[in-house]
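Asker: Below is the file entry_27.pdb, with PDB, C-alpha atoms.
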ATOM      1  CA  MET A   1      41.754  29.136 100.810
ATOM      2  CA  THR A   2      43.822  26.700 102.818
ATOM      3  CA  ASP A   3      44.483  27.314 106.474
ATOM      4  CA  ASN A   4      48.175  26.403 106.743
ATOM      5  CA  ARG A   5      48.168  26.612 110.517
ATOM      6  CA  GLN A   6      45.448  23.958 110.651
ATOM      7  CA  GLN A   7      47.453  21.735 108.278
ATOM      8  CA  THR A   8      50.522  22.019 110.476
ATOM      9  CA  SER A   9      48.478  21.055 113.493
ATOM     10  CA  ASP A  10      47.055  17.998 111.737
ATOM     11  CA  VAL A  11      50.505  16.818 110.690
ATOM     12  CA  SER A  12      51.834  17.067 114.233
ATOM     13  CA  GLN A  13      49.070  14.740 115.405
ATOM     14  CA  LYS A  14      50.379  11.935 113.268
ATOM     15  CA  PRO A  15      48.754   8.525 113.395
ATOM     16  CA  ALA A  16      50.744   5.487 114.415
ATOM     17  CA  GLY A  17      53.110   4.728 111.551
ATOM     18  CA  ILE A  18      53.851   1.184 110.419
ATOM     19  CA  VAL A  19      56.896   0.410 108.298
ATOM     20  CA  THR A  20      57.630  -3.059 106.943
ATOM     21  CA  LEU A  21      60.954  -4.230 105.549
ATOM     22  CA  THR A  22      61.901  -7.695 104.326
ATOM     23  CA  VAL A  23      65.568  -8.611 103.963
ATOM     24  CA  PRO A  24      67.408 -11.817 103.014
ATOM     25  CA  SER A  25      68.780 -13.801 105.942
ATOM     26  CA  HIS A  26      72.382 -12.967 105.054
ATOM     27  CA  PRO A  27      74.470 -11.034 107.610
ATOM     28  CA  ARG A  28      75.436  -8.520 104.928
ATOM     29  CA  TYR A  29      71.870  -7.142 105.078
ATOM     30  CA  LEU A  30      71.948  -6.436 108.815
ATOM     31  CA  TYR A  31      73.192  -2.920 108.104
ATOM     32  CA  VAL A  32      70.138  -2.336 105.901
ATOM     33  CA  VAL A  33      67.883  -3.025 108.892
ATOM     34  CA  ARG A  34      70.027  -0.781 111.107
ATOM     35  CA  SER A  35      70.023   2.033 108.549
ATOM     36  CA  ALA A  36      66.254   1.864 108.107
ATOM     37  CA  LEU A  37      65.570   1.759 111.837
ATOM     38  CA  TYR A  38      67.696   4.689 112.965
ATOM     39  CA  PRO A  39      65.583   7.566 111.567
ATOM     40  CA  LEU A  40      62.381   5.824 112.644
ATOM     41  CA  ILE A  41      63.581   5.575 116.250
ATOM     42  CA  LEU A  42      64.651   9.217 116.297
ATOM     43  CA  ASP A  43      61.312  10.190 114.750
ATOM     44  CA  ALA A  44      59.603   8.299 117.580
ATOM     45  CA  GLY A  45      61.248  10.686 120.035
ATOM     46  CA  PHE A  46      64.100   8.608 121.408
ATOM     47  CA  PRO A  47      67.470  10.344 121.893
ATOM     48  CA  LYS A  48      70.455   9.235 119.804
ATOM     49  CA  LYS A  49      72.061   7.173 122.568
ATOM     50  CA  GLU A  50      68.838   5.257 123.164
ATOM     51  CA  ALA A  51      68.341   4.868 119.413
ATOM     52  CA  ARG A  52      71.762   3.230 119.131
ATOM     53  CA  LYS A  53      70.837   0.745 121.871
ATOM     54  CA  VAL A  54      67.501  -0.099 120.225
ATOM     55  CA  ILE A  55      69.323  -0.717 116.936
ATOM     56  CA  LEU A  56      71.830  -2.954 118.710
ATOM     57  CA  ALA A  57      69.070  -5.037 120.288
ATOM     58  CA  VAL A  58      67.146  -5.452 117.019
ATOM     59  CA  ASP A  59      70.367  -6.291 115.188
ATOM     60  CA  GLU A  60      71.157  -8.971 117.779
ATOM     61  CA  ALA A  61      67.678 -10.445 117.362
ATOM     62  CA  CYS A  62      68.153 -10.584 113.566
ATOM     63  CA  SER A  63      71.582 -12.194 114.021
ATOM     64  CA  ASN A  64      70.006 -14.812 116.279
ATOM     65  CA  ILE A  65      67.400 -15.568 113.599
ATOM     66  CA  ILE A  66      70.129 -16.055 110.974
ATOM     67  CA  ARG A  67      72.235 -18.167 113.336
ATOM     68  CA  HIS A  68      69.606 -20.285 115.091
ATOM     69  CA  ALA A  69      66.323 -20.226 113.139
ATOM     70  CA  TYR A  70      67.948 -20.514 109.714
ATOM     71  CA  ASP A  71      71.258 -22.213 110.671
ATOM     72  CA  GLY A  72      73.104 -19.621 108.589
ATOM     73  CA  ASP A  73      71.087 -20.241 105.414
ATOM     74  CA  PRO A  74      71.292 -16.879 103.571
ATOM     75  CA  ALA A  75      68.424 -17.675 101.181
ATOM     76  CA  GLN A  76      65.599 -17.195 103.692
ATOM     77  CA  THR A  77      63.879 -13.962 104.752
ATOM     78  CA  ILE A  78      63.374 -11.824 107.821
ATOM     79  CA  THR A  79      60.472  -9.388 107.890
ATOM     80  CA  VAL A  80      60.844  -6.407 110.191
ATOM     81  CA  THR A  81      57.742  -4.421 111.095
ATOM     82  CA  VAL A  82      58.097  -1.191 113.018
ATOM     83  CA  GLU A  83      55.119   0.453 114.698
ATOM     84  CA  ASP A  84      55.505   3.889 116.188
ATOM     85  CA  GLY A  85      52.552   4.071 118.513
ATOM     86  CA  ALA A  86      51.423   6.802 120.880
ATOM     87  CA  ASP A  87      52.831   5.115 123.991
ATOM     88  CA  SER A  88      55.301   2.585 122.687
ATOM     89  CA  PHE A  89      57.718   1.706 119.912
ATOM     90  CA  VAL A  90      57.216  -1.841 118.702
ATOM     91  CA  VAL A  91      59.459  -3.939 116.459
ATOM     92  CA  ARG A  92      58.230  -7.300 115.186
ATOM     93  CA  LEU A  93      60.589  -9.799 113.586
ATOM     94  CA  ARG A  94      59.082 -12.632 111.600
ATOM     95  CA  ASP A  95      61.058 -15.627 110.451
ATOM     96  CA  TYR A  96      60.029 -18.921 108.875
ATOM     97  CA  GLY A  97      62.793 -21.127 110.194
ATOM     98  CA  ARG A  98      63.143 -23.409 113.196
ATOM     99  CA  LYS A  99      60.880 -22.282 116.009
ATOM    100  CA  VAL A 100      62.553 -20.686 118.980
ATOM    101  CA  ASP A 101      63.046 -22.952 121.970
ATOM    102  CA  ARG A 102      61.997 -20.503 124.678
ATOM    103  CA  ALA A 103      63.370 -22.726 127.412
ATOM    104  CA  ALA A 104      66.844 -22.391 125.893
ATOM    105  CA  ILE A 105      66.824 -18.574 125.879
ATOM    106  CA  ALA A 106      68.508 -17.091 128.913
ATOM    107  CA  PRO A 107      70.838 -14.088 129.235
ATOM    108  CA  ARG A 108      74.201 -15.266 130.528
ATOM    109  CA  ASP A 109      75.947 -14.050 133.639
ATOM    110  CA  LEU A 110      78.052 -11.042 132.614
ATOM    111  CA  LYS A 111      80.722 -12.060 135.119
ATOM    112  CA  ASP A 112      81.371 -15.036 132.877
ATOM    113  CA  ILE A 113      83.847 -13.374 130.503
ATOM    114  CA  ARG A 114      83.818 -15.346 127.289
ATOM    115  CA  PRO A 115      83.034 -14.785 123.623
ATOM    116  CA  GLY A 116      79.367 -15.004 122.632
ATOM    117  CA  GLY A 117      76.001 -15.150 124.335
ATOM    118  CA  LEU A 118      75.525 -11.426 124.889
ATOM    119  CA  GLY A 119      72.792 -10.820 122.315
ATOM    120  CA  THR A 120      69.912 -12.014 124.493
ATOM    121  CA  HIS A 121      71.222  -9.867 127.351
ATOM    122  CA  PHE A 122      71.215  -6.763 125.137
ATOM    123  CA  ILE A 123      67.664  -7.453 123.932
ATOM    124  CA  SER A 124      66.283  -7.853 127.459
ATOM    125  CA  GLN A 125      68.168  -4.755 128.655
ATOM    126  CA  VAL A 126      66.776  -2.496 125.937
ATOM    127  CA  PHE A 127      63.161  -3.656 125.540
ATOM    128  CA  GLU A 128      60.592  -3.929 128.341
ATOM    129  CA  THR A 129      58.589  -6.574 126.497
ATOM    130  CA  VAL A 130      60.180  -9.485 124.634
ATOM    131  CA  ASN A 131      57.685 -12.033 123.353
ATOM    132  CA  TYR A 132      58.410 -15.082 121.215
ATOM    133  CA  ASP A 133      55.246 -16.352 119.497
ATOM    134  CA  THR A 134      55.649 -19.792 117.951
ATOM    135  CA  SER A 135      51.936 -20.386 117.376
ATOM    136  CA  THR A 136      51.815 -18.759 113.936
ATOM    137  CA  GLY A 137      52.557 -21.606 111.534
ATOM    138  CA  GLN A 138      56.184 -22.038 110.561
ATOM    139  CA  GLY A 139      58.832 -19.984 112.339
ATOM    140  CA  THR A 140      58.615 -17.401 115.099
ATOM    141  CA  LEU A 141      57.150 -13.934 115.528
ATOM    142  CA  LEU A 142      59.298 -11.970 117.949
ATOM    143  CA  THR A 143      57.722  -8.820 119.377
ATOM    144  CA  LEU A 144      59.935  -6.214 121.038
ATOM    145  CA  GLU A 145      58.254  -3.294 122.775
ATOM    146  CA  LYS A 146      59.762  -0.185 124.317
ATOM    147  CA  LYS A 147      57.592   2.238 126.253
ATOM    148  CA  LYS A 148      57.965   5.891 125.349
ATOM    149  CA  GLN A 149      57.428   6.956 128.973
ATOM    150  CA  GLN A 150      60.848   5.501 129.715
ATOM    151  CA  VAL A 151      62.348   8.123 127.418
ATOM    152  CA  LYS A 152      60.417  11.067 128.841
ATOM    153  CA  ALA A 153      61.293  10.214 132.451
TER     154      ALA A 153
ATOM    155  CA  MET B   1      78.878  -2.796 104.677
ATOM    156  CA  ASN B   2      82.561  -3.578 105.094
ATOM    157  CA  VAL B   3      85.165  -3.006 107.755
ATOM    158  CA  GLU B   4      88.576  -1.588 106.905
ATOM    159  CA  ILE B   5      91.458  -3.087 108.864
ATOM    160  CA  THR B   6      94.827  -1.343 108.925
ATOM    161  CA  LEU B   7      97.740  -3.018 110.697
ATOM    162  CA  GLU B   8     100.837  -1.071 111.626
ATOM    163  CA  LYS B   9     104.009  -2.073 113.468
ATOM    164  CA  ILE B  10     104.717   0.256 116.377
ATOM    165  CA  GLY B  11     107.632   0.351 118.813
ATOM    166  CA  PRO B  12     106.226  -1.939 121.499
ATOM    167  CA  GLY B  13     104.045  -4.096 119.249
ATOM    168  CA  HIS B  14     101.149  -3.647 116.846
ATOM    169  CA  LEU B  15      98.507  -1.028 116.135
ATOM    170  CA  MET B  16      95.251  -2.055 114.486
ATOM    171  CA  LEU B  17      92.904   0.595 113.148
ATOM    172  CA  LEU B  18      89.323  -0.493 112.519
ATOM    173  CA  LYS B  19      86.960   1.556 110.398
ATOM    174  CA  GLY B  20      83.326   0.724 109.594
ATOM    175  CA  ASP B  21      80.800  -1.667 111.114
ATOM    176  CA  VAL B  22      81.958  -4.657 113.170
ATOM    177  CA  ASP B  23      79.008  -7.033 113.109
ATOM    178  CA  MET B  24      78.125 -10.648 112.372
ATOM    179  CA  ASN B  25      79.084 -10.054 108.743
ATOM    180  CA  THR B  26      82.481  -8.442 109.282
ATOM    181  CA  SER B  27      83.718  -9.918 112.578
ATOM    182  CA  PRO B  28      85.354 -12.868 110.774
ATOM    183  CA  ASP B  29      87.461 -10.344 108.800
ATOM    184  CA  VAL B  30      88.552  -8.652 112.033
ATOM    185  CA  ARG B  31      89.367 -12.051 113.555
ATOM    186  CA  ASN B  32      91.522 -12.879 110.504
ATOM    187  CA  GLY B  33      93.309  -9.544 110.851
ATOM    188  CA  MET B  34      94.100 -10.322 114.475
ATOM    189  CA  ALA B  35      95.376 -13.762 113.517
ATOM    190  CA  GLU B  36      98.032 -11.996 111.432
ATOM    191  CA  VAL B  37      99.201 -10.192 114.568
ATOM    192  CA  PHE B  38      99.424 -13.390 116.594
ATOM    193  CA  LYS B  39     101.571 -15.016 113.886
ATOM    194  CA  GLN B  40     104.264 -12.425 114.609
ATOM    195  CA  PRO B  41     106.014 -13.170 117.897
ATOM    196  CA  GLY B  42     107.746 -10.662 120.123
ATOM    197  CA  GLY B  43     105.253  -7.836 120.508
ATOM    198  CA  LYS B  44     104.418  -6.473 123.937
ATOM    199  CA  VAL B  45     101.091  -4.929 123.036
ATOM    200  CA  LEU B  46      98.246  -4.925 120.552
ATOM    201  CA  VAL B  47      96.581  -1.517 120.454
ATOM    202  CA  ILE B  48      93.214  -1.395 118.698
ATOM    203  CA  ASN B  49      92.043   2.065 117.664
ATOM    204  CA  LEU B  50      88.243   2.004 117.580
ATOM    205  CA  SER B  51      87.613   5.644 116.664
ATOM    206  CA  GLY B  52      86.372   4.717 113.186
ATOM    207  CA  VAL B  53      83.971   2.001 114.309
ATOM    208  CA  ARG B  54      80.496   3.233 113.482
ATOM    209  CA  TYR B  55      78.775   0.174 114.929
ATOM    210  CA  MET B  56      79.736  -2.880 116.976
ATOM    211  CA  ASP B  57      77.538  -5.802 118.020
ATOM    212  CA  SER B  58      78.062  -8.801 120.317
ATOM    213  CA  SER B  59      80.080 -10.634 117.664
ATOM    214  CA  GLY B  60      82.502  -7.696 117.688
ATOM    215  CA  ILE B  61      82.685  -7.919 121.474
ATOM    216  CA  ALA B  62      83.306 -11.661 121.192
ATOM    217  CA  THR B  63      86.155 -10.954 118.774
ATOM    218  CA  LEU B  64      87.735  -8.535 121.251
ATOM    219  CA  VAL B  65      87.370 -11.050 124.104
ATOM    220  CA  GLU B  66      89.079 -13.685 121.951
ATOM    221  CA  ALA B  67      91.842 -11.195 121.157
ATOM    222  CA  MET B  68      92.307 -10.537 124.878
ATOM    223  CA  GLN B  69      92.566 -14.272 125.560
ATOM    224  CA  ASN B  70      95.077 -14.750 122.709
ATOM    225  CA  CYS B  71      97.145 -11.798 123.926
ATOM    226  CA  MET B  72      97.275 -13.302 127.417
ATOM    227  CA  LYS B  73      98.484 -16.621 125.982
ATOM    228  CA  GLN B  74     101.301 -14.817 124.144
ATOM    229  CA  GLY B  75     102.262 -12.591 127.055
ATOM    230  CA  MET B  76     100.994  -9.487 125.287
ATOM    231  CA  LYS B  77      98.741  -6.695 126.488
ATOM    232  CA  LEU B  78      95.560  -5.767 124.631
ATOM    233  CA  ARG B  79      94.768  -2.087 124.825
ATOM    234  CA  LEU B  80      91.726  -0.399 123.288
ATOM    235  CA  ALA B  81      91.830   3.256 122.324
ATOM    236  CA  GLU B  82      89.511   6.039 121.164
ATOM    237  CA  LEU B  83      86.200   4.215 121.594
ATOM    238  CA  SER B  84      83.472   5.695 119.398
ATOM    239  CA  PRO B  85      80.041   6.429 120.962
ATOM    240  CA  SER B  86      78.544   3.223 119.525
ATOM    241  CA  VAL B  87      81.355   1.132 120.945
ATOM    242  CA  ARG B  88      80.954   2.838 124.326
ATOM    243  CA  ASP B  89      77.240   1.974 124.263
ATOM    244  CA  VAL B  90      77.838  -1.723 123.699
ATOM    245  CA  PHE B  91      80.597  -1.808 126.340
ATOM    246  CA  GLU B  92      78.189  -0.126 128.764
ATOM    247  CA  LEU B  93      75.438  -2.664 128.088
ATOM    248  CA  ALA B  94      77.859  -5.584 128.398
ATOM    249  CA  ARG B  95      79.542  -3.998 131.452
ATOM    250  CA  LEU B  96      82.935  -4.597 129.886
ATOM    251  CA  SER B  97      84.637  -1.293 130.632
ATOM    252  CA  SER B  98      86.459  -2.739 133.643
ATOM    253  CA  ILE B  99      87.583  -5.862 131.783
ATOM    254  CA  PHE B 100      89.589  -4.133 129.061
ATOM    255  CA  GLU B 101      92.373  -1.578 129.313
ATOM    256  CA  ILE B 102      90.832   1.476 127.633
ATOM    257  CA  PHE B 103      92.711   4.656 126.679
ATOM    258  CA  ALA B 104      91.585   8.040 125.389
ATOM    259  CA  THR B 105      94.143   8.049 122.568
ATOM    260  CA  ALA B 106      96.199   5.473 120.698
ATOM    261  CA  GLY B 107      99.316   7.387 121.767
ATOM    262  CA  GLU B 108      98.465   6.980 125.450
ATOM    263  CA  ALA B 109      97.826   3.279 124.858
ATOM    264  CA  GLN B 110     101.409   2.841 123.644
ATOM    265  CA  ALA B 111     102.960   4.554 126.646
ATOM    266  CA  GLY B 112     104.540   2.895 129.664
ATOM    267  CA  LEU B 113     105.528  -0.388 128.053
TER     268      LEU B 113
END
Output the file's structure as structure tokens, nothing else.

Answerer:
Amino acid sequence: MTDNRQQTSDVSQKPAGIVTLTVPSHPRYLYVVRSALYPLILDAGFPKKEARKVILAVDEACSNIIRHAYDGDPAQTITVTVEDGADSFVVRLRDYGRKVDRAAIAPRDLKDIRPGGLGTHFISQVFETVNYDTSTGQGTLLTLEKKKQQVKA
Amino acid sequence: MNVEITLEKIGPGHLMLLKGDVDMNTSPDVRNGMAEVFKQPGGKVLVINLSGVRYMDSSGIATLVEAMQNCMKQGMKLRLAELSPSVRDVFELARLSSIFEIFATAGEAQAGL
């Protein structure tokens, strides 16, 4: 005979989940990434408002990959890996285009009202850790990490 | 994912209703829609109703900043109305709420001109 109460308890102590999604580097697939991310962020315990900001930041990072790493070439790929850990929510974005020039990445002054250049600002506002790894062969592995303690506080 | 753009002539100018996602994929369509407005001289205001915008990214913000600059060149006002929660989030992050004229309803945005 199965002890249902025990089963329920085991399910609540879920292991860290990892979800991987690969999309073409065409802007029309950005909504696919957003749609896939939203339930995962809510499931990780973030409130809706915070979930929307996380989606915005990841979307901006994907847009930057399309624009800068692939120069708008829609025939390449972006692989998104989401890890819902015990203490943090981690999104990794892997591209195989031009490596990021870390020296050229800097959020612009918001007092400078002009079109463009806000994406990097959004990413650094939303995630505590933003790491560009260019040591892994071709392209860049971008790791974005958000601590769950920030949500509980 | 597309964006629906509806343009309507109103007493003091133009009303644009956006519905859908305004992102890197659809911002060029929104920019083209705004270009239609700027081809028509004589308006005092461009009101953009954002109640149907489910998502907006920095390219959408850039499009609105361009619209504001074009309105200024033509002596028009740009007024934003009925910001959806997602649009409010991106305005908050970009600290843009004080830059644009923002109204609770499209009707209020057309008043006093």

Asker: What would the selection look like, as a list in words, if the ChimeraX specification (/A :<7) & /B were run on the coordinates I just shared?

Answerer: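 So the ChimeraX specification (/A :<7) & /B ends up selecting Met1, Met24, Asn25, Asp57, Ser58, Ser59, Ala62, Thr63, Val65, Glu66, Ser86, Asp89, Leu93 and Ala94 of chain B.
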
Asker: Please identify all polymer residues within 12 Å of Leu78 of chain B, counting all atoms listed in the file, omitting same-chain residues fewer than 4 positions from it, and present them as a ChimeraX atom specification.

Answerer: /B:12-16,34,37-38,43-49,64-74,99-103,106,109-110,113

Asker: What does the file look like for those residues with C-alpha atoms, as a short mmCIF file (atom, residue, chain, number, x, y, z; two decimals), keeping the file's coordinate frame?

Answerer:
data_model
loop_
_atom_site.label_atom_id
_atom_site.label_comp_id
_atom_site.auth_asym_id
_atom_site.auth_seq_id
_atom_site.Cartn_x
_atom_site.Cartn_y
_atom_site.Cartn_z
CA PRO B 12 106.23 -1.94 121.50
CA GLY B 13 104.04 -4.10 119.25
CA HIS B 14 101.15 -3.65 116.85
CA LEU B 15 98.51 -1.03 116.14
CA MET B 16 95.25 -2.06 114.49
CA MET B 34 94.10 -10.32 114.48
CA VAL B 37 99.20 -10.19 114.57
CA PHE B 38 99.42 -13.39 116.59
CA GLY B 43 105.25 -7.84 120.51
CA LYS B 44 104.42 -6.47 123.94
CA VAL B 45 101.09 -4.93 123.04
CA LEU B 46 98.25 -4.92 120.55
CA VAL B 47 96.58 -1.52 120.45
CA ILE B 48 93.21 -1.40 118.70
CA ASN B 49 92.04 2.06 117.66
CA LEU B 64 87.74 -8.54 121.25
CA VAL B 65 87.37 -11.05 124.10
CA GLU B 66 89.08 -13.68 121.95
CA ALA B 67 91.84 -11.20 121.16
CA MET B 68 92.31 -10.54 124.88
CA GLN B 69 92.57 -14.27 125.56
CA ASN B 70 95.08 -14.75 122.71
CA CYS B 71 97.14 -11.80 123.93
CA MET B 72 97.28 -13.30 127.42
CA LYS B 73 98.48 -16.62 125.98
CA GLN B 74 101.30 -14.82 124.14
CA ILE B 99 87.58 -5.86 131.78
CA PHE B 100 89.59 -4.13 129.06
CA GLU B 101 92.37 -1.58 129.31
CA ILE B 102 90.83 1.48 127.63
CA PHE B 103 92.71 4.66 126.68
CA ALA B 106 96.20 5.47 120.70
CA ALA B 109 97.83 3.28 124.86
CA GLN B 110 101.41 2.84 123.64
CA LEU B 113 105.53 -0.39 128.05
#

Asker: Please compute the atom CA of Gly45 of chain A-atom CA of Val80 of chain A distance, one decimal, in Å.

Answerer: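 Result for atom CA of Gly45 of chain A versus atom CA of Val80 of chain A: 19.7 Å, one decimal.
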
Asker: Expressed in Å to a single decimal, how great is the separation between atom CA of Asp87 of chain A and atom CA of Ile18 of chain A?

Answerer: 14.2 Å

Asker: Which residue out of B:Gly60, B:Gly42, B:Gly11, B:Val53 has the minimum interatomic distance to Thr26 of chain B when all atoms listed in the file are used?

Answerer: B:Gly60

Asker: Under the PyMOL selection byres ((chain A and resi 142) around 9), which residues of this model are included? Write them out as a PyMOL selection string.

Answerer: chain A and resi 61+91-95+130-134+140-141+143-144

Asker: Take atom CA of Val30 of chain B and atom CA of Gly52 of chain B and report the distance between them in Å, one decimal.

Answerer: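 It comes out at 13.6 Å.
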
Asker: Around (58.4, 5.2, 123.9), as given in the file, which residues come within 10 Å? Count all atoms listed in the file and list them as a PyMOL selection string.

Answerer: chain A and resi 41+44-46+84-90+145-152

Asker: Take every atom of segment 122-130 of chain A listed in the file, fit an axis-aligned box around them, add 3 Å per side, and give the centre and edge lengths in Å to one decimal as JSON.

Answerer:
{"center_x": 64.9, "center_y": -6.0, "center_z": 126.3, "size_x": 18.6, "size_y": 13.0, "size_z": 10.7}

Asker: Could you give me, as a list of chain:residue names, the residues that sit within 9 Å of (67.5, -15.5, 103.2) in the file's coordinates, counting all atoms listed in the file?

Answerer: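 Result, sorted by chain then residue number: A:Val23, A:Pro24, A:Ser25, A:His26, A:Ile66, A:Tyr70, A:Gly72, A:Asp73, A:Pro74, A:Ala75, A:Gln76, A:Thr77, A:Ile78.
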
Asker: Using all atoms listed in the file, which of A:Leu37, A:Ile105, A:Val100, A:Leu21 sits nearest Ile65 of chain A?

Answerer: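 Smallest separation from Ile65 of chain A among the options: A:Val100.
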
Asker: Give me the result of the PyMOL selection byres ((chain B and resi 87) around 9) on this file, residue by residue, as a ChimeraX atom specification.

Answerer: /B:50-51,53-57,83-86,88-92
